[in-house]
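J.: Structure file my_file_36.txt, compact mmCIF, C-alpha atoms, is pasted below:
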# COMPACT_ATOMS: atom_id res chain seq x y z
CA MET L 1 26.07 -20.81 24.41
CA THR L 2 27.51 -21.71 21.02
CA ASP L 3 27.51 -25.45 21.43
CA PRO L 4 27.36 -27.24 18.07
CA THR L 5 23.84 -28.33 17.39
CA SER L 6 23.30 -31.33 15.19
CA PRO L 7 21.40 -30.77 11.96
CA LYS L 8 18.62 -32.97 13.25
CA ARG L 9 18.16 -30.81 16.30
CA LEU L 10 18.10 -27.69 14.13
CA GLY L 11 15.40 -29.20 11.96
CA ALA L 12 13.27 -29.93 14.98
CA LEU L 13 13.81 -26.39 16.21
CA GLY L 14 12.81 -24.96 12.85
CA LEU L 15 9.66 -27.03 12.79
CA ARG L 16 8.85 -25.87 16.29
CA ARG L 17 9.30 -22.25 15.35
CA ARG L 18 7.14 -22.71 12.28
CA LEU L 19 4.43 -24.45 14.25
CA GLY L 20 4.46 -21.49 16.58
CA LYS L 21 3.69 -19.22 13.63
CA VAL L 22 0.49 -21.08 12.79
CA GLN L 23 -2.41 -18.70 13.32
CA ILE L 24 -5.40 -20.58 14.56
CA PRO L 25 -8.08 -18.16 13.25
CA VAL L 26 -6.60 -18.29 9.75
CA ALA L 27 -6.41 -22.09 9.94
CA LEU L 28 -10.06 -22.17 10.98
CA GLY L 29 -10.96 -19.96 8.05
CA MET L 30 -9.17 -22.31 5.68
CA THR L 31 -11.00 -25.23 7.25
CA VAL L 32 -14.32 -23.55 6.50
CA VAL L 33 -13.29 -23.17 2.86
CA TRP L 34 -12.33 -26.84 2.82
CA MET L 35 -15.68 -27.83 4.25
CA LEU L 36 -17.50 -25.74 1.66
CA LEU L 37 -15.48 -27.37 -1.10
CA PHE L 38 -16.32 -30.88 -0.01
CA ASP L 39 -19.89 -30.27 1.08
CA GLY L 40 -18.91 -30.88 4.68
CA PHE L 41 -21.81 -28.94 6.16
CA GLN L 42 -24.28 -31.52 5.03
CA LEU L 43 -24.46 -33.84 8.00
CA ARG L 44 -23.01 -37.15 6.98
CA PRO L 45 -21.02 -39.77 8.85
CA GLU L 46 -17.76 -38.52 7.31
CA SER L 47 -18.32 -34.83 8.18
CA LEU L 48 -16.23 -34.99 11.32
CA GLY L 49 -13.39 -36.65 9.44
CA LEU L 50 -13.58 -33.92 6.80
CA LEU L 51 -13.38 -31.28 9.50
CA LEU L 52 -10.32 -32.86 11.06
CA LEU L 53 -8.61 -33.46 7.74
CA GLY L 54 -9.33 -29.90 6.67
CA PHE L 55 -7.79 -28.49 9.81
CA LEU L 56 -4.70 -30.70 9.44
CA VAL L 57 -4.27 -29.63 5.82
CA SER L 58 -4.60 -25.96 6.82
CA VAL L 59 -1.95 -26.34 9.51
CA ALA L 60 0.33 -28.19 7.08
CA ILE L 61 -0.05 -25.39 4.51
CA MET L 62 0.80 -22.78 7.12
CA VAL L 63 3.84 -24.71 8.26
CA VAL L 64 5.15 -25.05 4.71
CA PHE L 65 4.28 -21.50 3.64
CA PRO L 66 4.42 -19.35 6.75
CA LEU L 67 2.90 -15.89 6.36
CA PRO L 68 3.36 -12.82 8.48
CA PRO L 69 0.54 -12.41 10.98
CA ILE L 70 -2.34 -10.05 10.30
CA LYS L 71 -0.96 -7.40 12.59
CA PRO L 72 -3.70 -5.16 13.88
CA GLY L 73 -6.17 -8.01 13.62
CA PHE L 74 -9.90 -7.67 13.50
CA ARG L 75 -12.89 -8.42 15.60
CA LEU L 76 -16.31 -9.38 14.34
CA TRP L 77 -19.29 -7.45 15.65
CA PRO L 78 -22.18 -9.62 14.50
CA PHE L 79 -24.97 -7.05 14.52
CA GLN L 80 -22.88 -4.40 12.80
CA ALA L 81 -21.60 -7.00 10.34
CA VAL L 82 -25.14 -7.76 9.21
CA ARG L 83 -25.75 -4.03 8.88
CA MET L 84 -22.59 -3.71 6.80
CA LEU L 85 -23.61 -6.56 4.49
CA VAL L 86 -27.07 -5.09 3.96
CA TYR L 87 -25.56 -1.66 3.32
CA ILE L 88 -23.11 -3.06 0.76
CA ALA L 89 -25.80 -5.11 -0.98
CA LEU L 90 -28.10 -2.09 -1.22
CA LYS L 91 -25.28 0.11 -2.51
CA MET L 92 -24.38 -2.49 -5.10
CA PHE L 93 -27.95 -2.64 -6.37
CA VAL L 94 -28.42 1.12 -6.56
CA ALA L 95 -25.00 1.70 -8.10
CA SER L 96 -25.55 -1.03 -10.67
CA PHE L 97 -28.62 0.78 -11.90
CA GLN L 98 -26.75 4.09 -11.99
CA VAL L 99 -23.95 2.59 -14.06
CA THR L 100 -26.48 0.93 -16.34
CA ALA L 101 -28.14 4.30 -16.87
CA GLN L 102 -24.78 5.87 -17.64
CA VAL L 103 -24.01 3.14 -20.13
CA ILE L 104 -27.28 3.53 -21.97
CA ARG L 105 -27.55 7.33 -21.93
CA PRO L 106 -25.97 8.84 -25.04
CA GLY L 107 -23.10 11.29 -24.80
CA THR L 108 -19.68 10.98 -23.22
CA VAL L 109 -19.44 10.27 -19.54
CA ARG L 110 -17.01 12.42 -17.62
CA SER L 111 -15.52 11.32 -14.35
CA SER L 112 -13.19 12.41 -11.59
CA VAL L 113 -10.33 11.00 -9.59
CA ILE L 114 -10.90 11.96 -5.99
CA ALA L 115 -8.68 11.61 -2.94
CA VAL L 116 -10.36 10.32 0.18
CA LYS L 117 -8.54 10.46 3.48
CA LEU L 118 -9.62 7.62 5.74
CA ARG L 119 -9.96 8.09 9.46
CA THR L 120 -8.54 4.82 10.73
CA GLY L 121 -4.91 3.85 10.46
CA SER L 122 -5.23 0.08 10.38
CA ASP L 123 -3.97 -1.54 7.17
CA LEU L 124 -6.67 -4.17 7.29
CA MET L 125 -9.41 -1.55 7.37
CA LEU L 126 -7.73 0.28 4.48
CA VAL L 127 -7.65 -2.91 2.43
CA SER L 128 -11.26 -3.82 3.25
CA THR L 129 -12.49 -0.37 2.35
CA ALA L 130 -10.52 -0.44 -0.90
CA ILE L 131 -11.90 -3.85 -1.86
CA VAL L 132 -15.50 -2.96 -1.14
CA THR L 133 -15.16 0.40 -2.90
CA SER L 134 -13.90 -1.48 -5.94
CA VAL L 135 -16.71 -4.02 -5.82
CA ILE L 136 -19.39 -1.35 -5.72
CA PRO L 137 -20.10 -0.22 -9.29
CA GLY L 138 -19.06 3.26 -10.33
CA SER L 139 -15.82 3.50 -8.38
CA VAL L 140 -12.38 2.01 -8.99
CA ILE L 141 -9.33 2.40 -6.81
CA VAL L 142 -6.55 3.92 -8.87
CA GLU L 143 -3.91 4.33 -6.22
CA VAL L 144 -3.49 3.75 -2.51
CA GLY L 145 -1.35 6.02 -0.39
CA GLN L 146 -0.69 3.72 2.51
CA THR L 147 1.33 6.08 4.65
CA GLU L 148 -1.15 8.92 4.22
CA ARG L 149 -4.09 6.47 4.50
CA GLU L 150 -5.50 7.91 1.34
CA LEU L 151 -7.51 6.22 -1.37
CA PHE L 152 -7.56 7.64 -4.87
CA VAL L 153 -10.87 6.66 -6.37
CA HIS L 154 -11.97 7.03 -9.95
CA VAL L 155 -15.66 7.85 -9.84
CA LEU L 156 -17.70 7.34 -12.97
CA GLY L 157 -20.01 10.22 -13.78
CA ALA L 158 -18.90 12.59 -11.02
CA ASP L 159 -18.62 15.66 -13.22
CA ASP L 160 -19.25 18.49 -10.76
CA ASP L 161 -18.42 19.46 -7.20
CA GLU L 162 -21.66 18.00 -5.92
CA GLY L 163 -20.91 14.59 -7.45
CA VAL L 164 -17.37 14.64 -6.12
CA ARG L 165 -18.56 15.44 -2.62
CA ALA L 166 -21.23 12.75 -2.76
CA ALA L 167 -18.70 10.15 -3.84
CA GLU L 168 -16.36 11.17 -1.04
CA ARG L 169 -19.18 10.85 1.47
CA ASP L 170 -20.01 7.41 0.12
CA VAL L 171 -16.48 6.11 0.64
CA LEU L 172 -16.35 7.57 4.15
CA ASN L 173 -19.72 6.04 5.05
CA LEU L 174 -18.50 2.72 3.77
CA GLU L 175 -15.39 3.00 5.90
CA GLU L 176 -17.51 3.72 8.94
CA ARG L 177 -19.70 0.68 8.31
CA ILE L 178 -16.68 -1.58 7.81
CA VAL L 179 -14.78 -0.33 10.83
CA ARG L 180 -17.83 -0.72 13.03
CA ALA L 181 -18.32 -4.28 11.77
CA LEU L 182 -14.75 -5.53 11.69
CA GLY L 183 -12.56 -3.07 13.56
CA THR L 184 -10.85 -3.63 16.86
CA ARG L 185 -11.82 -1.44 19.78
CA ALA L 186 -8.87 0.82 19.01
CA ASP L 187 -10.01 1.27 15.41
CA ILE L 188 -13.52 2.15 16.47
CA ALA L 189 -12.25 4.61 19.06
CA GLU L 190 -10.10 6.24 16.40
CA LEU L 191 -13.06 6.49 14.06
CA GLU L 192 -15.31 7.96 16.68
CA GLU L 193 -12.74 10.51 17.69
CA ALA L 194 -12.41 11.58 14.07
CA LEU L 195 -16.19 11.72 13.75
CA VAL L 196 -16.48 14.02 16.73
CA SER L 197 -13.65 16.35 15.76
CA GLY L 198 -14.40 16.26 12.05
CA GLY L 199 -18.10 16.89 12.52
CA GLU L 200 -17.73 20.65 12.32
CA ARG L 201 -15.03 20.62 9.70
CA VAL L 202 -16.89 18.82 6.92
CA MET R 1 -41.70 -29.71 -0.85
CA SER R 2 -44.98 -29.00 -2.53
CA ASP R 3 -45.19 -28.50 -6.26
CA GLU R 4 -46.29 -24.90 -6.02
CA PHE R 5 -43.39 -23.99 -3.80
CA VAL R 6 -40.95 -25.54 -6.24
CA GLN R 7 -42.57 -23.56 -9.01
CA VAL R 8 -42.23 -20.29 -7.12
CA LEU R 9 -38.59 -21.07 -6.48
CA ASP R 10 -38.16 -21.80 -10.16
CA TRP R 11 -39.56 -18.42 -11.08
CA ILE R 12 -37.30 -16.61 -8.63
CA ALA R 13 -34.31 -18.54 -9.96
CA MET R 14 -35.26 -17.67 -13.51
CA LEU R 15 -35.58 -13.97 -12.68
CA CYS R 16 -32.19 -13.99 -10.97
CA LEU R 17 -30.53 -15.68 -13.92
CA LEU R 18 -32.15 -13.28 -16.38
CA ALA R 19 -31.22 -10.19 -14.36
CA GLY R 20 -27.65 -11.45 -14.05
CA ALA R 21 -27.43 -12.05 -17.77
CA LEU R 22 -28.83 -8.59 -18.47
CA LEU R 23 -26.26 -6.93 -16.22
CA THR R 24 -23.50 -8.79 -18.02
CA LEU R 25 -24.92 -7.56 -21.33
CA VAL R 26 -24.84 -4.00 -20.01
CA ALA R 27 -21.21 -4.53 -19.06
CA GLY R 28 -20.48 -5.65 -22.60
CA ILE R 29 -22.19 -2.61 -24.12
CA GLY R 30 -20.38 -0.30 -21.74
CA LEU R 31 -17.06 -1.83 -22.71
CA ILE R 32 -17.65 -0.82 -26.32
CA ARG R 33 -19.24 2.54 -25.61
CA PHE R 34 -16.95 4.08 -23.03
CA PRO R 35 -14.04 6.04 -24.43
CA ASP R 36 -11.11 5.46 -22.09
CA LEU R 37 -9.42 2.83 -19.99
CA LEU R 38 -10.61 3.98 -16.58
CA SER R 39 -14.29 4.12 -17.39
CA ARG R 40 -14.05 0.81 -19.21
CA MET R 41 -12.64 -0.70 -16.07
CA HIS R 42 -15.91 0.09 -14.36
CA THR R 43 -17.99 -1.91 -16.76
CA ALA R 44 -15.44 -4.69 -17.04
CA ALA R 45 -15.46 -5.38 -13.34
CA LYS R 46 -18.69 -4.05 -11.99
CA PRO R 47 -22.15 -4.89 -13.26
CA GLN R 48 -20.56 -8.23 -13.65
CA VAL R 49 -20.04 -8.71 -9.93
CA LEU R 50 -23.71 -8.23 -9.20
CA GLY R 51 -24.58 -10.13 -12.37
CA LEU R 52 -22.48 -13.07 -11.32
CA LEU R 53 -23.87 -13.01 -7.80
CA LEU R 54 -27.41 -13.02 -9.17
CA VAL R 55 -26.62 -15.94 -11.47
CA LEU R 56 -25.11 -17.79 -8.52
CA VAL R 57 -28.19 -17.12 -6.40
CA GLY R 58 -30.36 -18.40 -9.23
CA LEU R 59 -28.28 -21.53 -9.55
CA GLY R 60 -28.37 -22.02 -5.80
CA ILE R 61 -32.15 -21.86 -5.75
CA ARG R 62 -32.31 -24.38 -8.56
CA LEU R 63 -29.97 -26.62 -6.60
CA ILE R 64 -32.18 -26.81 -3.53
CA PRO R 65 -34.76 -29.21 -4.99
CA ALA R 66 -32.34 -31.13 -7.21
CA GLU R 67 -29.28 -32.13 -5.21
CA THR R 68 -26.30 -33.10 -7.33
CA ASN R 69 -23.11 -34.72 -6.26
CA VAL R 70 -20.82 -32.70 -8.46
CA PHE R 71 -21.26 -29.33 -6.91
CA ASN R 72 -23.38 -27.80 -4.20
CA ILE R 73 -24.28 -24.51 -2.64
CA GLY R 74 -20.95 -24.46 -0.81
CA THR R 75 -19.15 -24.37 -4.13
CA LEU R 76 -21.31 -21.47 -5.28
CA VAL R 77 -20.58 -19.55 -2.08
CA LEU R 78 -16.87 -20.07 -2.67
CA VAL R 79 -17.12 -18.91 -6.29
CA GLY R 80 -18.92 -15.74 -5.19
CA LEU R 81 -16.56 -15.06 -2.31
CA PHE R 82 -13.36 -15.40 -4.29
CA GLN R 83 -14.75 -13.41 -7.21
CA VAL R 84 -15.61 -10.53 -4.92
CA VAL R 85 -12.22 -10.66 -3.22
CA THR R 86 -10.08 -10.99 -6.35
CA ILE R 87 -11.80 -8.70 -8.88
CA PRO R 88 -10.70 -5.49 -7.14
CA VAL R 89 -7.08 -6.65 -7.18
CA ALA R 90 -7.05 -7.10 -10.94
CA GLY R 91 -8.97 -3.87 -11.42
CA HIS R 92 -6.63 -1.91 -9.20
CA ILE R 93 -3.52 -3.20 -10.94
CA ALA R 94 -4.90 -2.37 -14.38
CA ALA R 95 -6.01 1.09 -13.28
CA ARG R 96 -2.72 1.85 -11.60
CA VAL R 97 -0.59 0.72 -14.50
CA GLY R 98 -2.82 2.60 -16.92
CA TYR R 99 -2.54 5.74 -14.88
CA ARG R 100 1.18 5.60 -14.32
CA SER R 101 2.00 4.86 -17.92
CA GLY R 102 -0.12 7.78 -19.07
CA ARG R 103 -2.71 5.77 -20.93
CA ILE R 104 -5.67 7.73 -19.71
CA ARG R 105 -7.43 10.68 -21.24
CA HIS R 106 -7.21 13.67 -18.97
CA ASP R 107 -9.80 15.57 -20.96
CA LEU R 108 -12.45 13.20 -19.63
CA LEU R 109 -11.52 13.84 -16.02
CA VAL R 110 -13.20 16.78 -14.40
CA LYS R 111 -11.18 16.68 -11.22
CA ASP R 112 -7.97 14.75 -10.76
CA ALA R 113 -6.68 14.68 -7.23
CA LEU R 114 -4.01 12.08 -7.96
CA ALA R 115 -2.37 14.18 -10.68
CA GLU R 116 -2.29 17.13 -8.29
CA ARG R 117 -0.73 14.97 -5.61
CA LEU R 118 1.88 13.47 -7.92
CA ALA R 119 2.83 16.92 -9.22
CA GLU R 120 3.17 18.14 -5.67
CA LYS R 121 5.43 15.21 -4.78
CA GLU R 122 7.60 15.87 -7.81
CA ARG R 123 7.97 19.51 -6.82
CA THR R 124 9.10 18.67 -3.29
CA GLN R 125 11.55 16.10 -4.65
CA GLU R 126 12.98 18.64 -7.04
CA ALA R 127 13.25 21.17 -4.25
CA GLU R 128 15.16 18.65 -2.17
CA ARG R 129 17.47 17.92 -5.07
CA ALA R 130 18.13 21.61 -5.60
CA GLU R 131 19.25 22.11 -2.03
Rewrite the structure of this file - the entire thing - as structure tokens.
T.:
Amino acid sequence: MTDPTSPKRLGALGLRRRLGKVQIPVALGMTVVWMLLFDGFQLRPESLGLLLLGFLVSVAIMVVFPLPPIKPGFRLWPFQAVRMLVYIALKMFVASFQVTAQVIRPGTVRSSVIAVKLRTGSDLMLVSTAIVTSVIPGSVIVEVGQTERELFVHVLGADDDEGVRAAERDVLNLEERIVRALGTRADIAELEEALVSGGERV
Amino acid sequence: MSDEFVQVLDWIAMLCLLAGALLTLVAGIGLIRFPDLLSRMHTAAKPQVLGLLLVLVGLGIRLIPAETNVFNIGTLVLVGLFQVVTIPVAGHIAARVGYRSGRIRHDLLVKDALAERLAEKERTQEAERAE
């Protein structure tokens, strides 16, 4: 078993192992970015070459800088994804106006830090929800409790119980939209189970 | 493309650019007006996201009739995408550091779930130490 392997052989083995770590979906995503950068979607004679080159560069990057795989993974549900995008865009518009009103109205603005317990355990869903919550005006993530799947959100202008509850509902709705658009079947099942059992509680 | 259509596009682009600029102005005013770090974070990161997206949309519309070689709609999409993905990271780090180093004003917070949680954690740790 412990036969001396030549350094050359080891190098080949290492390369093999690293090639095995290349995640095709991620490489494809990087290729899309590459194409956007070089205007590859405009049909030209060199588009195919760009596509190929982009893919090769992505694979090379992943061989040189291997990353751990995105563990639970995700799955795109096209119809729900469109719904999610529309929902986020609408929220952003409405919330922008609210924040603008708060900026212009005289007097100090009081806010709250609320804890929202998410219903799905996947890290990816937690991260997506956190990012979108941050992008929507009026809420900033202050702290993430990963083990308790809790987000601590600073909500601008939530100065009574009603505001706090509304903000909490907003984050939970957002989570539902995101999980339905990007979650795996397991994530969605988890969410639905929580929806059914939590329906009476909230 | 007909002339009228180009003109309509121009108007839409202009409105988008103006709205984006206005939102950025609001962000600037908010930055001066708000009293503490956490609420300033909102204005620093937020109306700007929508403002930037609107400016990008305006630019994109202007780019449709006049194609340049330097940059194209793909570049704009990338700018928007990476802005949206990276702004929360910076915001979160600033908010977290501000909170943990005590640079926030508790008198402006009506309800503070994180402080309650941290106090609770400290109590359990102390209880464990006492045993």
J.: What does the distance from CA of Arg180 in chain L to CA of Gln80 in chain L come to in Å, to one decimal?
T.: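 Computing the Euclidean distance for CA of Arg180 in chain L and CA of Gln80 in chain L yields 6.3 Å.
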J.: Which of these residues is nearest to chain R, using all atoms listed in the file: L:Asp39, L:Glu193, L:Glu162, L:Glu46?
T.: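 When distances to chain R are compared using all atoms listed in the file, the smallest one comes from L:Asp39.
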J.: Let me make sure I understand: among L:Gly54, L:Phe97, L:Pro45, L:Ser111, which one has the smallest atom-to-atom distance to Asp161 in chain L if we use all atoms listed in the file?
T.: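 Of L:Gly54, L:Phe97, L:Pro45, L:Ser111, the one nearest Asp161 in chain L, counting all atoms listed in the file, is L:Ser111.
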J.: One decimal, Å: what's the distance from CA of Gly157 in chain L over to CA of Val109 in chain L, could you say?
T.: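 Between these atoms lies a distance of 5.8 Å.
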J.: Any idea what the distance is between CA of Val140 in chain L and CA of Leu17 in chain R?
T.: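 The value is 25.8 Å.
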J.: Mind listing as number ranges by chain which residues of chain L are within 8 Å of chain R, counting all atoms listed in the file?
T.: L: 33, 36-39, 92-93, 96, 99-100, 103-104, 108-115, 131, 134-143, 152, 154, 156, 158-160
J.: Please save C-alpha atoms of the selected residues as a tab-separated table (two decimals), in the frame of the given file.
T.:
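Saved result, part36.tsv, follows:
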chain	number	residue	atom	x	y	z
L	33	VAL	CA	-13.29	-23.17	2.86
L	36	LEU	CA	-17.50	-25.74	1.66
L	37	LEU	CA	-15.48	-27.37	-1.10
L	38	PHE	CA	-16.32	-30.88	-0.01
L	39	ASP	CA	-19.89	-30.27	1.08
L	92	MET	CA	-24.38	-2.49	-5.10
L	93	PHE	CA	-27.95	-2.64	-6.37
L	96	SER	CA	-25.55	-1.03	-10.67
L	99	VAL	CA	-23.95	2.59	-14.06
L	100	THR	CA	-26.48	0.93	-16.34
L	103	VAL	CA	-24.01	3.14	-20.13
L	104	ILE	CA	-27.28	3.53	-21.97
L	108	THR	CA	-19.68	10.98	-23.22
L	109	VAL	CA	-19.44	10.27	-19.54
L	110	ARG	CA	-17.01	12.42	-17.62
L	111	SER	CA	-15.52	11.32	-14.35
L	112	SER	CA	-13.19	12.41	-11.59
L	113	VAL	CA	-10.33	11.00	-9.59
L	114	ILE	CA	-10.90	11.96	-5.99
L	115	ALA	CA	-8.68	11.61	-2.94
L	131	ILE	CA	-11.90	-3.85	-1.86
L	134	SER	CA	-13.90	-1.48	-5.94
L	135	VAL	CA	-16.71	-4.02	-5.82
L	136	ILE	CA	-19.39	-1.35	-5.72
L	137	PRO	CA	-20.10	-0.22	-9.29
L	138	GLY	CA	-19.06	3.26	-10.33
L	139	SER	CA	-15.82	3.50	-8.38
L	140	VAL	CA	-12.38	2.01	-8.99
L	141	ILE	CA	-9.33	2.40	-6.81
L	142	VAL	CA	-6.55	3.92	-8.87
L	143	GLU	CA	-3.91	4.33	-6.22
L	152	PHE	CA	-7.56	7.64	-4.87
L	154	HIS	CA	-11.97	7.03	-9.95
L	156	LEU	CA	-17.70	7.34	-12.97
L	158	ALA	CA	-18.90	12.59	-11.02
L	159	ASP	CA	-18.62	15.66	-13.22
L	160	ASP	CA	-19.25	18.49	-10.76
J.: Excluding same-chain residues fewer than 6 positions from Val63 in chain L, what lies within 10 Å of it counting only C-alpha atoms, as a PyMOL selection string?
T.: chain L and resi 15-22+57
J.: Kindly indicate which residue among R:Gly60, R:Leu37, R:Gln125, R:Asp3 lies nearest to Cys16 in chain R, using all atoms listed in the file for the distances.
T.: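 Checking each candidate against Cys16 in chain R, we get R:Gly60 as the closest.
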J.: Model the absent atoms of range 94-114 of chain L so that N, CA and C atoms are present, and write the result as a short mmCIF file (atom, residue, chain, number, x, y, z; two decimals), in the frame of the given file.
T.:
data_model
loop_
_atom_site.label_atom_id
_atom_site.label_comp_id
_atom_site.auth_asym_id
_atom_site.auth_seq_id
_atom_site.Cartn_x
_atom_site.Cartn_y
_atom_site.Cartn_z
N VAL L 94 -28.16 -0.24 -6.09
CA VAL L 94 -28.42 1.12 -6.56
C VAL L 94 -27.36 1.53 -7.57
N ALA L 95 -26.09 1.26 -7.22
CA ALA L 95 -25.00 1.70 -8.10
C ALA L 95 -25.03 0.96 -9.42
N SER L 96 -25.46 -0.30 -9.41
CA SER L 96 -25.55 -1.03 -10.67
C SER L 96 -26.52 -0.35 -11.61
N PHE L 97 -27.65 0.10 -11.05
CA PHE L 97 -28.62 0.78 -11.90
C PHE L 97 -28.06 2.10 -12.42
N GLN L 98 -27.33 2.82 -11.54
CA GLN L 98 -26.75 4.09 -11.99
C GLN L 98 -25.79 3.87 -13.14
N VAL L 99 -24.93 2.85 -13.00
CA VAL L 99 -23.95 2.59 -14.06
C VAL L 99 -24.66 2.16 -15.33
N THR L 100 -25.71 1.34 -15.16
CA THR L 100 -26.48 0.93 -16.34
C THR L 100 -27.05 2.14 -17.05
N ALA L 101 -27.59 3.09 -16.27
CA ALA L 101 -28.14 4.30 -16.87
C ALA L 101 -27.06 5.07 -17.60
N GLN L 102 -25.87 5.14 -17.00
CA GLN L 102 -24.78 5.87 -17.64
C GLN L 102 -24.33 5.20 -18.93
N VAL L 103 -24.41 3.87 -18.93
CA VAL L 103 -24.01 3.14 -20.13
C VAL L 103 -24.98 3.42 -21.26
N ILE L 104 -26.27 3.43 -20.93
CA ILE L 104 -27.28 3.53 -21.97
C ILE L 104 -27.46 4.96 -22.47
N ARG L 105 -27.34 5.94 -21.53
CA ARG L 105 -27.55 7.33 -21.93
C ARG L 105 -26.51 7.76 -22.96
N PRO L 106 -26.95 8.40 -24.03
CA PRO L 106 -25.97 8.84 -25.04
C PRO L 106 -25.13 10.00 -24.53
N GLY L 107 -24.00 10.23 -25.20
CA GLY L 107 -23.10 11.29 -24.80
C GLY L 107 -21.94 10.72 -24.00
N THR L 108 -20.84 11.49 -23.94
CA THR L 108 -19.68 10.98 -23.22
C THR L 108 -19.88 11.16 -21.72
N VAL L 109 -19.37 10.21 -20.99
CA VAL L 109 -19.44 10.27 -19.54
C VAL L 109 -18.14 10.82 -19.02
N ARG L 110 -18.23 11.86 -18.20
CA ARG L 110 -17.01 12.42 -17.62
C ARG L 110 -16.90 11.97 -16.17
N SER L 111 -15.70 11.82 -15.71
CA SER L 111 -15.52 11.32 -14.35
C SER L 111 -14.44 12.11 -13.63
N SER L 112 -14.20 11.73 -12.39
CA SER L 112 -13.19 12.41 -11.59
C SER L 112 -12.36 11.39 -10.84
N VAL L 113 -11.13 11.78 -10.54
CA VAL L 113 -10.33 11.00 -9.59
C VAL L 113 -10.32 11.79 -8.30
N ILE L 114 -10.84 11.21 -7.24
CA ILE L 114 -10.90 11.96 -5.99
C ILE L 114 -9.97 11.32 -4.96
#
